[in-house]
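Structure file input.cif (mmCIF, C-alpha atoms) follows.
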```cif
data_run
#
loop_
_atom_site.label_atom_id
_atom_site.label_comp_id
_atom_site.auth_asym_id
_atom_site.auth_seq_id
_atom_site.Cartn_x
_atom_site.Cartn_y
_atom_site.Cartn_z
CA MET A 1 -70.09 15.39 -21.40
CA PRO A 2 -73.23 16.54 -23.22
CA THR A 3 -76.36 17.68 -21.42
CA GLU A 4 -79.83 16.23 -21.79
CA TRP A 5 -83.04 18.24 -21.98
CA LYS A 6 -86.36 16.72 -21.04
CA LEU A 7 -89.36 18.41 -22.62
CA PHE A 8 -92.95 18.31 -21.40
CA ALA A 9 -96.33 18.52 -23.14
CA ASP A 10 -96.49 20.45 -26.40
CA LEU A 11 -92.82 21.42 -26.15
CA ALA A 12 -91.84 17.79 -26.82
CA GLU A 13 -93.99 17.72 -29.93
CA ARG A 14 -92.48 20.93 -31.21
CA ALA A 15 -88.99 19.58 -30.57
CA GLY A 16 -89.81 16.25 -32.17
CA ASP A 17 -88.75 14.30 -29.06
CA LYS A 18 -89.16 14.23 -25.30
CA HIS A 19 -85.39 13.99 -24.83
CA VAL A 20 -82.84 16.11 -26.67
CA THR A 21 -79.09 16.05 -26.07
CA VAL A 22 -77.04 19.19 -26.59
CA ASP A 23 -73.28 19.81 -26.52
CA ALA A 24 -73.32 22.34 -23.67
CA SER A 25 -71.44 20.92 -20.70
CA ALA A 26 -69.94 21.79 -17.32
CA GLY A 27 -68.87 25.41 -17.30
CA ASP A 28 -71.43 26.49 -19.89
CA THR A 29 -74.71 28.05 -18.78
CA VAL A 30 -78.32 26.91 -18.89
CA GLY A 31 -78.83 29.66 -21.46
CA ASP A 32 -76.12 28.14 -23.67
CA ALA A 33 -77.89 24.79 -23.48
CA LEU A 34 -81.22 26.45 -24.30
CA GLU A 35 -79.72 28.22 -27.30
CA GLN A 36 -78.45 24.90 -28.62
CA LEU A 37 -81.81 23.26 -27.94
CA VAL A 38 -83.81 25.74 -29.99
CA ALA A 39 -81.25 26.07 -32.80
CA ASP A 40 -82.77 24.43 -35.88
CA ARG A 41 -86.05 23.94 -33.98
CA SER A 42 -87.96 27.03 -34.99
CA GLU A 43 -91.36 25.82 -33.75
CA LEU A 44 -89.91 25.23 -30.31
CA GLU A 45 -88.01 28.50 -30.34
CA GLU A 46 -91.16 30.45 -31.14
CA ARG A 47 -93.03 28.75 -28.30
CA VAL A 48 -90.27 29.21 -25.71
CA LEU A 49 -88.70 32.56 -26.60
CA ASP A 50 -90.20 35.97 -27.31
CA ASP A 51 -87.66 38.24 -29.02
CA GLY A 52 -84.88 36.18 -27.49
CA ASP A 53 -86.29 36.30 -23.95
CA LEU A 54 -87.77 33.29 -22.22
CA ARG A 55 -91.57 33.49 -22.17
CA SER A 56 -92.86 33.98 -18.62
CA GLN A 57 -94.98 30.82 -18.66
CA ILE A 58 -92.06 28.54 -19.57
CA ASN A 59 -90.23 27.06 -16.60
CA VAL A 60 -86.66 25.78 -16.71
CA LEU A 61 -85.47 23.10 -14.32
CA ARG A 62 -81.95 21.95 -13.54
CA ASN A 63 -82.01 18.59 -11.75
CA GLY A 64 -85.61 19.31 -10.76
CA THR A 65 -84.89 22.78 -9.36
CA ASN A 66 -86.47 25.84 -10.96
CA VAL A 67 -83.46 27.90 -12.12
CA LEU A 68 -85.62 31.01 -12.56
CA VAL A 69 -86.71 31.06 -8.93
CA GLU A 70 -84.03 29.25 -6.97
CA GLU A 71 -80.90 29.72 -9.06
CA GLU A 72 -79.38 32.27 -11.40
CA GLY A 73 -81.87 31.85 -14.23
CA LEU A 74 -80.35 31.27 -17.66
CA GLU A 75 -76.98 32.39 -16.26
CA THR A 76 -76.91 29.33 -13.99
CA GLU A 77 -73.72 27.39 -14.62
CA LEU A 78 -73.99 23.76 -15.65
CA LYS A 79 -72.29 21.02 -13.72
CA GLU A 80 -71.25 17.58 -14.92
CA GLY A 81 -74.26 15.31 -15.43
CA ASP A 82 -76.94 18.00 -15.03
CA GLU A 83 -80.38 17.20 -16.40
CA LEU A 84 -82.40 20.10 -17.72
CA ALA A 85 -86.13 20.30 -18.30
CA LEU A 86 -88.59 22.74 -19.84
CA PHE A 87 -92.26 22.71 -18.93
CA PRO A 88 -95.22 24.85 -19.96
CA PRO A 89 -98.68 25.14 -18.39
CA VAL A 90 -101.35 22.86 -19.84
CA SER A 91 -105.07 23.51 -19.65
CA GLY A 92 -106.97 20.37 -20.63
CA GLY A 93 -109.61 19.03 -18.30
CA MET B 1 -119.36 12.45 21.15
CA SER B 2 -119.48 13.39 17.53
CA ASP B 3 -119.66 9.75 16.42
CA LEU B 4 -123.25 9.67 17.65
CA ARG B 5 -124.07 12.08 14.85
CA LEU B 6 -123.41 9.40 12.24
CA ASP B 7 -126.52 7.27 11.96
CA ALA B 8 -126.40 3.49 11.59
CA THR B 9 -126.57 3.63 7.80
CA GLN B 10 -123.75 6.13 7.68
CA LEU B 11 -121.62 4.10 10.08
CA ASP B 12 -122.10 1.22 7.68
CA ARG B 13 -121.55 3.23 4.48
CA TYR B 14 -118.38 4.89 5.76
CA SER B 15 -117.18 2.02 7.94
CA ARG B 16 -113.86 1.67 6.06
CA HIS B 17 -113.16 5.32 6.81
CA VAL B 18 -114.45 5.25 10.36
CA ILE B 19 -112.30 2.28 11.30
CA MET B 20 -109.08 4.12 10.47
CA ASP B 21 -107.39 6.18 13.18
CA GLU B 22 -106.53 8.91 10.66
CA ILE B 23 -110.22 9.48 9.88
CA GLY B 24 -112.48 7.91 12.50
CA PRO B 25 -116.04 9.12 13.15
CA GLU B 26 -114.78 12.67 13.70
CA GLY B 27 -113.06 12.78 10.33
CA GLN B 28 -116.09 11.34 8.59
CA GLN B 29 -118.22 13.96 10.29
CA ARG B 30 -115.87 16.66 8.96
CA LEU B 31 -116.27 15.30 5.44
CA LEU B 32 -120.05 15.30 5.80
CA GLU B 33 -120.01 18.87 7.06
CA SER B 34 -117.72 20.13 4.29
CA SER B 35 -118.54 21.71 0.96
CA VAL B 36 -116.56 21.50 -2.26
CA LEU B 37 -117.10 23.24 -5.61
CA VAL B 38 -115.97 21.26 -8.65
CA VAL B 39 -115.50 23.51 -11.68
CA GLY B 40 -115.93 21.38 -14.78
CA ALA B 41 -117.82 18.09 -15.06
CA GLY B 42 -115.57 16.65 -17.76
CA GLY B 43 -112.53 14.39 -17.71
CA LEU B 44 -111.04 15.62 -14.43
CA GLY B 45 -114.36 16.50 -12.84
CA SER B 46 -115.91 13.07 -13.41
CA PRO B 47 -113.66 11.00 -11.12
CA ALA B 48 -113.34 13.89 -8.68
CA ILE B 49 -117.13 14.18 -8.34
CA GLN B 50 -117.50 10.41 -8.01
CA TYR B 51 -114.93 10.00 -5.25
CA LEU B 52 -115.88 13.15 -3.36
CA ALA B 53 -119.52 12.02 -3.39
CA ALA B 54 -118.59 8.51 -2.32
CA ALA B 55 -116.41 9.90 0.47
CA GLY B 56 -119.36 11.81 1.87
CA ILE B 57 -118.46 15.42 1.07
CA GLY B 58 -121.75 16.78 2.37
CA ARG B 59 -122.34 19.57 -0.11
CA LEU B 60 -121.01 19.26 -3.63
CA GLY B 61 -121.36 22.09 -6.14
CA ILE B 62 -120.75 21.41 -9.82
CA VAL B 63 -120.23 24.18 -12.38
CA ASP B 64 -120.38 23.52 -16.13
CA ASP B 65 -122.20 25.09 -19.05
CA ASP B 66 -121.71 22.24 -21.54
CA VAL B 67 -123.93 19.40 -22.64
CA VAL B 68 -122.72 15.81 -22.86
CA GLU B 69 -121.35 14.79 -26.26
CA ARG B 70 -120.72 11.22 -27.35
CA SER B 71 -117.01 12.02 -27.81
CA ASN B 72 -116.84 12.87 -24.08
CA LEU B 73 -117.75 9.37 -22.94
CA GLN B 74 -114.30 7.86 -23.58
CA ARG B 75 -113.08 9.70 -20.44
CA GLN B 76 -115.91 11.62 -18.75
CA ILE B 77 -117.14 8.64 -16.79
CA VAL B 78 -119.78 10.37 -14.70
CA HIS B 79 -121.93 10.54 -17.86
CA GLY B 80 -123.51 7.64 -19.74
CA ASP B 81 -124.69 7.02 -23.27
CA ASP B 82 -128.24 8.05 -22.41
CA ASP B 83 -126.96 11.41 -21.16
CA VAL B 84 -125.79 12.61 -24.58
CA GLY B 85 -127.40 16.00 -25.17
CA ARG B 86 -128.17 16.62 -21.48
CA PRO B 87 -126.46 19.35 -19.47
CA LYS B 88 -123.36 17.87 -17.83
CA VAL B 89 -124.30 19.28 -14.44
CA GLU B 90 -127.65 17.46 -14.55
CA SER B 91 -126.11 14.19 -15.59
CA ALA B 92 -123.41 14.48 -12.90
CA ALA B 93 -125.98 15.44 -10.25
CA ASP B 94 -128.07 12.37 -11.11
CA TYR B 95 -124.99 10.19 -10.72
CA VAL B 96 -124.25 11.65 -7.30
CA GLY B 97 -127.87 11.25 -6.20
CA ALA B 98 -127.85 7.60 -7.16
CA LEU B 99 -124.48 6.97 -5.50
CA ASN B 100 -124.94 8.64 -2.14
CA PRO B 101 -128.15 10.12 -0.72
CA ASP B 102 -126.13 11.91 1.99
CA ILE B 103 -124.86 14.46 -0.52
CA ASP B 104 -126.55 17.77 -1.23
CA VAL B 105 -125.56 18.23 -4.84
CA GLU B 106 -125.82 21.72 -6.28
CA PRO B 107 -125.66 21.91 -10.09
CA HIS B 108 -124.72 25.32 -11.53
CA GLU B 109 -125.34 25.28 -15.26
CA THR B 110 -123.28 28.30 -16.15
CA ARG B 111 -119.83 29.35 -17.25
CA LEU B 112 -117.61 30.79 -14.56
CA THR B 113 -116.97 34.49 -15.20
CA ALA B 114 -115.46 37.42 -13.31
CA ASP B 115 -119.04 38.55 -12.63
CA ASN B 116 -120.31 35.33 -11.04
CA VAL B 117 -117.13 33.85 -9.53
CA ALA B 118 -117.70 35.29 -6.07
CA THR B 119 -121.33 34.17 -5.92
CA LEU B 120 -120.41 30.66 -6.99
CA VAL B 121 -117.17 30.10 -5.09
CA ASP B 122 -117.60 31.91 -1.80
CA ASP B 123 -120.26 29.52 -0.57
CA TYR B 124 -117.84 26.56 -0.54
CA ASP B 125 -114.92 25.50 1.66
CA VAL B 126 -112.67 24.20 -1.13
CA VAL B 127 -112.53 24.55 -4.93
CA LEU B 128 -111.41 21.82 -7.30
CA ASP B 129 -110.36 23.18 -10.69
CA ALA B 130 -111.33 20.63 -13.33
CA SER B 131 -111.84 23.19 -16.07
CA ASP B 132 -110.51 22.91 -19.60
CA ASN B 133 -109.26 26.39 -20.46
CA PHE B 134 -106.72 28.93 -19.25
CA GLY B 135 -109.28 31.73 -18.79
CA THR B 136 -111.22 29.79 -16.15
CA ARG B 137 -108.01 28.55 -14.53
CA TYR B 138 -106.52 32.03 -14.10
CA LEU B 139 -109.87 33.44 -12.94
CA LEU B 140 -110.22 30.72 -10.29
CA ASN B 141 -106.62 31.15 -9.19
CA ASP B 142 -106.92 34.91 -8.79
CA HIS B 143 -110.26 34.77 -6.99
CA CYS B 144 -109.07 32.02 -4.64
CA VAL B 145 -105.85 33.93 -3.85
CA LEU B 146 -107.79 37.14 -3.16
CA THR B 147 -110.30 35.36 -0.92
CA GLY B 148 -107.92 32.84 0.71
CA THR B 149 -109.87 29.88 -0.68
CA PRO B 150 -108.06 26.54 -1.00
CA LEU B 151 -107.78 25.38 -4.62
CA SER B 152 -106.89 22.02 -6.10
CA HIS B 153 -105.34 22.41 -9.53
CA GLY B 154 -105.25 19.67 -12.16
CA ALA B 155 -104.67 19.91 -15.90
CA ILE B 156 -103.96 17.46 -18.69
CA TYR B 157 -102.43 17.27 -22.13
CA ARG B 158 -102.54 14.10 -24.29
CA PHE B 159 -100.61 11.66 -22.05
CA GLU B 160 -99.43 14.08 -19.34
CA GLY B 161 -100.93 15.69 -16.28
CA GLN B 162 -100.04 18.45 -13.84
CA VAL B 163 -101.52 18.59 -10.35
CA THR B 164 -100.90 20.72 -7.29
CA THR B 165 -102.68 22.19 -4.28
CA PHE B 166 -102.84 25.84 -3.29
CA THR B 167 -104.05 26.28 0.28
CA ASN B 168 -103.91 30.06 -0.20
CA GLU B 169 -103.06 30.48 3.46
CA ARG B 170 -100.97 33.61 3.74
CA GLY B 171 -99.80 35.82 6.51
CA THR B 172 -100.51 33.33 9.27
CA GLU B 173 -97.85 32.74 11.89
CA SER B 174 -97.45 29.06 11.24
CA ASP B 175 -97.18 29.21 7.47
CA THR B 176 -94.64 30.41 5.06
CA ASP B 177 -96.35 32.08 2.17
CA SER B 178 -98.25 29.69 0.01
CA PRO B 179 -97.55 29.95 -3.74
CA CYS B 180 -100.22 30.28 -6.42
CA TYR B 181 -100.62 29.30 -10.07
CA ARG B 182 -99.30 32.66 -11.25
CA CYS B 183 -96.09 32.19 -9.20
CA LEU B 184 -95.36 29.35 -11.60
CA PHE B 185 -97.02 30.64 -14.74
CA PRO B 186 -97.50 34.45 -14.45
CA GLU B 187 -99.41 34.65 -17.72
CA ALA B 188 -101.28 32.20 -19.91
CA PRO B 189 -100.00 31.22 -23.35
CA GLU B 190 -101.72 33.16 -26.12
CA PRO B 191 -104.86 31.39 -27.41
CA GLY B 192 -104.07 28.76 -30.01
CA THR B 193 -100.54 28.22 -28.69
CA VAL B 194 -101.42 25.06 -26.79
CA PRO B 195 -103.88 22.92 -28.73
CA ASP B 196 -106.92 21.54 -26.85
CA CYS B 197 -108.10 17.93 -26.36
CA ALA B 198 -110.39 18.11 -29.39
CA THR B 199 -107.38 18.89 -31.57
CA THR B 200 -104.69 16.73 -30.01
CA GLY B 201 -106.69 13.89 -28.48
CA VAL B 202 -106.29 12.70 -24.90
CA LEU B 203 -105.79 9.27 -23.37
CA GLY B 204 -109.16 8.50 -21.78
CA VAL B 205 -107.83 7.17 -18.50
CA LEU B 206 -105.37 10.08 -18.03
CA PRO B 207 -107.86 12.51 -16.42
CA GLY B 208 -109.01 9.60 -14.24
CA THR B 209 -105.59 9.44 -12.61
CA VAL B 210 -105.21 13.20 -12.29
CA GLY B 211 -108.79 13.83 -11.10
CA CYS B 212 -108.42 11.09 -8.48
CA ILE B 213 -105.26 12.76 -7.17
CA GLN B 214 -107.18 16.03 -6.92
CA ALA B 215 -110.00 14.33 -5.00
CA THR B 216 -107.39 12.74 -2.71
CA GLU B 217 -105.92 16.16 -1.97
CA VAL B 218 -109.32 17.68 -1.22
CA VAL B 219 -110.25 14.84 1.15
CA LYS B 220 -106.88 15.21 2.95
CA TYR B 221 -107.35 18.97 3.16
CA VAL B 222 -110.80 18.60 4.72
CA LEU B 223 -109.49 15.99 7.15
CA GLY B 224 -106.41 18.07 7.95
CA LYS B 225 -104.27 14.97 7.47
CA GLY B 226 -101.21 14.04 5.46
CA GLU B 227 -98.85 16.03 3.30
CA LEU B 228 -100.55 18.08 0.62
CA LEU B 229 -99.05 18.93 -2.77
CA GLU B 230 -98.61 22.43 -1.38
CA GLY B 231 -95.48 23.99 -2.87
CA ARG B 232 -95.06 21.02 -5.18
CA LEU B 233 -96.22 20.45 -8.74
CA LEU B 234 -96.69 16.79 -9.58
CA MET B 235 -96.09 16.00 -13.23
CA TYR B 236 -97.45 12.65 -14.41
CA ASP B 237 -96.47 11.00 -17.67
CA ALA B 238 -98.78 8.10 -18.48
CA MET B 239 -96.63 6.85 -21.36
CA ASP B 240 -93.43 6.66 -19.33
CA MET B 241 -95.44 5.90 -16.16
CA THR B 242 -93.42 8.43 -14.21
CA PHE B 243 -94.34 10.92 -11.53
CA GLU B 244 -92.01 13.84 -10.93
CA THR B 245 -92.48 16.60 -8.40
CA VAL B 246 -91.06 20.08 -8.81
CA ASP B 247 -90.90 22.58 -5.98
CA VAL B 248 -93.17 25.58 -6.42
CA LEU B 249 -92.05 28.59 -4.42
CA SER B 250 -94.04 31.73 -3.83
CA ASN B 251 -92.73 34.41 -6.14
CA PRO B 252 -92.31 37.88 -4.59
CA SER B 253 -93.03 39.41 -7.99
CA CYS B 254 -96.17 37.33 -8.57
CA PRO B 255 -98.85 39.62 -10.07
CA VAL B 256 -101.55 38.40 -7.67
CA CYS B 257 -99.93 37.07 -4.47
CA GLY B 258 -96.55 38.85 -4.60
CA ASP B 259 -95.27 41.73 -2.49
CA GLU B 260 -96.77 44.42 -4.70
CA PRO B 261 -99.56 42.70 -6.59
CA ALA B 262 -100.91 44.40 -9.69
CA ILE B 263 -104.10 42.36 -9.47
CA GLU B 264 -106.28 43.42 -6.57
CA SER B 265 -109.59 42.30 -8.04
CA VAL B 266 -110.66 39.90 -10.79
CA GLU B 267 -112.11 43.01 -12.42
CA ASP B 268 -108.52 44.11 -13.12
CA VAL B 269 -107.96 41.24 -15.51
CA SER B 270 -109.31 40.25 -18.88
CA TYR B 271 -109.63 36.46 -18.64
CA GLU B 272 -109.00 36.01 -22.30
CA GLY B 273 -105.76 35.76 -24.20
CA SER B 274 -102.81 35.76 -21.84
CA CYS B 275 -104.97 36.59 -18.77
CA GLU B 276 -102.76 39.56 -17.95
CA ILE B 277 -103.79 42.73 -16.21
CA SER B 278 -105.93 45.00 -18.39
CA ALA B 279 -104.11 47.87 -20.07
CA ASP B 280 -106.46 50.44 -18.52
#
```
Please rewrite the model in this file as structure tokens.
Amino acid sequence: MPTEWKLFADLAERAGDKHVTVDASAGDTVGDALEQLVADRSELEERVLDDGDLRSQINVLRNGTNVLVEEEGLETELKEGDELALFPPVSGG
Amino acid sequence: MSDLRLDATQLDRYSRHVIMDEIGPEGQQRLLESSVLVVGAGGLGSPAIQYLAAAGIGRLGIVDDDVVERSNLQRQIVHGDDDVGRPKVESAADYVGALNPDIDVEPHETRLTADNVATLVDDYDVVLDASDNFGTRYLLNDHCVLTGTPLSHGAIYRFEGQVTTFTNERGTESDTDSPCYRCLFPEAPEPGTVPDCATTGVLGVLPGTVGCIQATEVVKYVLGKGELLEGRLLMYDAMDMTFETVDVLSNPSCPVCGDEPAIESVEDVSYEGSCEISAD
């Protein structure tokens, strides 16, 4: 079963959509799903990754939980039906 | 009894507060004795200033160095058409004066910098960040962490908003460590990475919703009532009309509130670019 990414703020514009489905599934990692998300989306890749590493201001959620703080980061294993999200800081006031 | 300190006009003005058990005359008195600094009198600051003034926050500071432009009026509802060209702090102060004579409004027509942040912030109980740029946001975060000042954070982008509350209470027996903005976003995006409102546009009513949530949080904080957005980031999407909350945990490697913070003073940081610690 494929995995859905939800993208916030300018990340959605760079991806061309708020919701993107990738092939990564149970047993793959969050990093695998991220790799598939940014493949063929160079504007998004540039915003999210810096030399292949996740930029520090980009947060990755799995079912609403921050995988960088509460789980195993990009090594976190996906489970069936997981929903992933990426959100950046915004500054408008 | 403290309720005797509210005069007849105040008992009338705040009667819908006073009648509620959660607020009562004591709570209203707390609001009247409190002080809040609103940084930014724009989209977020407008509704925040209006509701804080209406609620009877006794001393209300407003920081902004801009003048009102006609293109602001679609969302910055504390200003009117006749205010175009006036300093925003003056226009906002006039609004507050007309709304509620109980409020001592203190306009600060200046830009917040590392040099003046202590002078401006340390005189207030709570800070409400309604600024429009990462430099000011990181500066306010760092100063409020270092001084233990409660900070309401709100920020917007086109149709989306982010809002959370940092009590900055650390090391007390009753509290687990409170997170800060850098726990979530250690460094700012490089300038130009995230386009601003002037470039992308913004739904006029969006900052109304987000600024009202910030004002709600500040009022609750002053009253000591309810559950704050402490440790939670609320993400609002006006197009989908969804609210999602994400847990925000304190990060032991946070550069300002972590176990071994690199930032011990706002002088350590250049609040430009990525707002990271200065190389020297």
Return as a PyMOL selection string the set of residues that the PyMOL selection byres ((chain B) within 9 of (chain A)) yields on the displayed structure.
chain B and resi 40-45+129-134+137+154-162+182+184-189+193-197+202+207+211+237+244-251
Take the PyMOL selection byres ((chain B and resi 164-170) around 8), apply it to the structure above, and return the hits as a list of chain:residue names.
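Evaluating the PyMOL selection byres ((chain B and resi 164-170) around 8) on these coordinates yields B:Cys144, B:Val145, B:Gly148, B:Thr149, B:Pro150, B:Leu151, B:Ser152, B:His153, B:Gly154, B:Gln162, B:Val163, B:Gly171, B:Thr172, B:Asp175, B:Thr176, B:Asp177, B:Ser178, B:Pro179, B:Cys180, B:Tyr181, B:Gln214, B:Glu217, B:Leu228, B:Leu229, B:Glu230, B:Gly231, B:Arg232, B:Leu233, B:Leu234.
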Residues returned when the PyMOL selection byres ((chain A and resi 16) around 12) runs on this file, as a ChimeraX atom specification:
/A:6-15,17-20,37-38,40-44
Could you give me, as JSON, numbers by chain, the residues within 12 Å of Asp28 of chain A, counting all atoms listed in the file and dropping anything in the same chain fewer than 5 positions from it?
{"A": [1, 2, 3, 22, 23, 33, 34, 35, 36, 74, 75, 76, 77, 78, 79, 80, 82]}
Just how far from atom CA of Gln74 of chain B is atom CA of Gln50 of chain B, in Å to one decimal?
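Distance reported for this atom pair: 16.1 Å.
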Calculate how many Å separate atom CA of Tyr14 of chain B from atom CA of Asp123 of chain B, rounding to one decimal.
25.5 Å
In Å, how far is it from atom CA of Ser274 of chain B to atom CA of Tyr138 of chain B?
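A separation of 9.4 Å between them.
Of the residues listed (A:Ala39, A:Val48, A:Leu86, A:Ala26), A:Leu86 shows the shortest atom-to-atom separation from Arg62 of chain A; distances use all atoms listed in the file.
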Where is the centre and how long are the edges: axis-aligned box on segment 6-23 of chain A, 5 Å on each side, Å to one decimal, as lines of an AutoDock Vina configuration file:
```
center_x = -84.9
center_y = 17.7
center_z = -26.6
size_x = 33.2
size_y = 17.4
size_z = 21.1
```
With only C-alpha atoms as the basis for distance, which of B:Ala48, B:Ala55, B:Val38, B:Val68 is at the shortest distance from Pro107 of chain B?
B:Val38
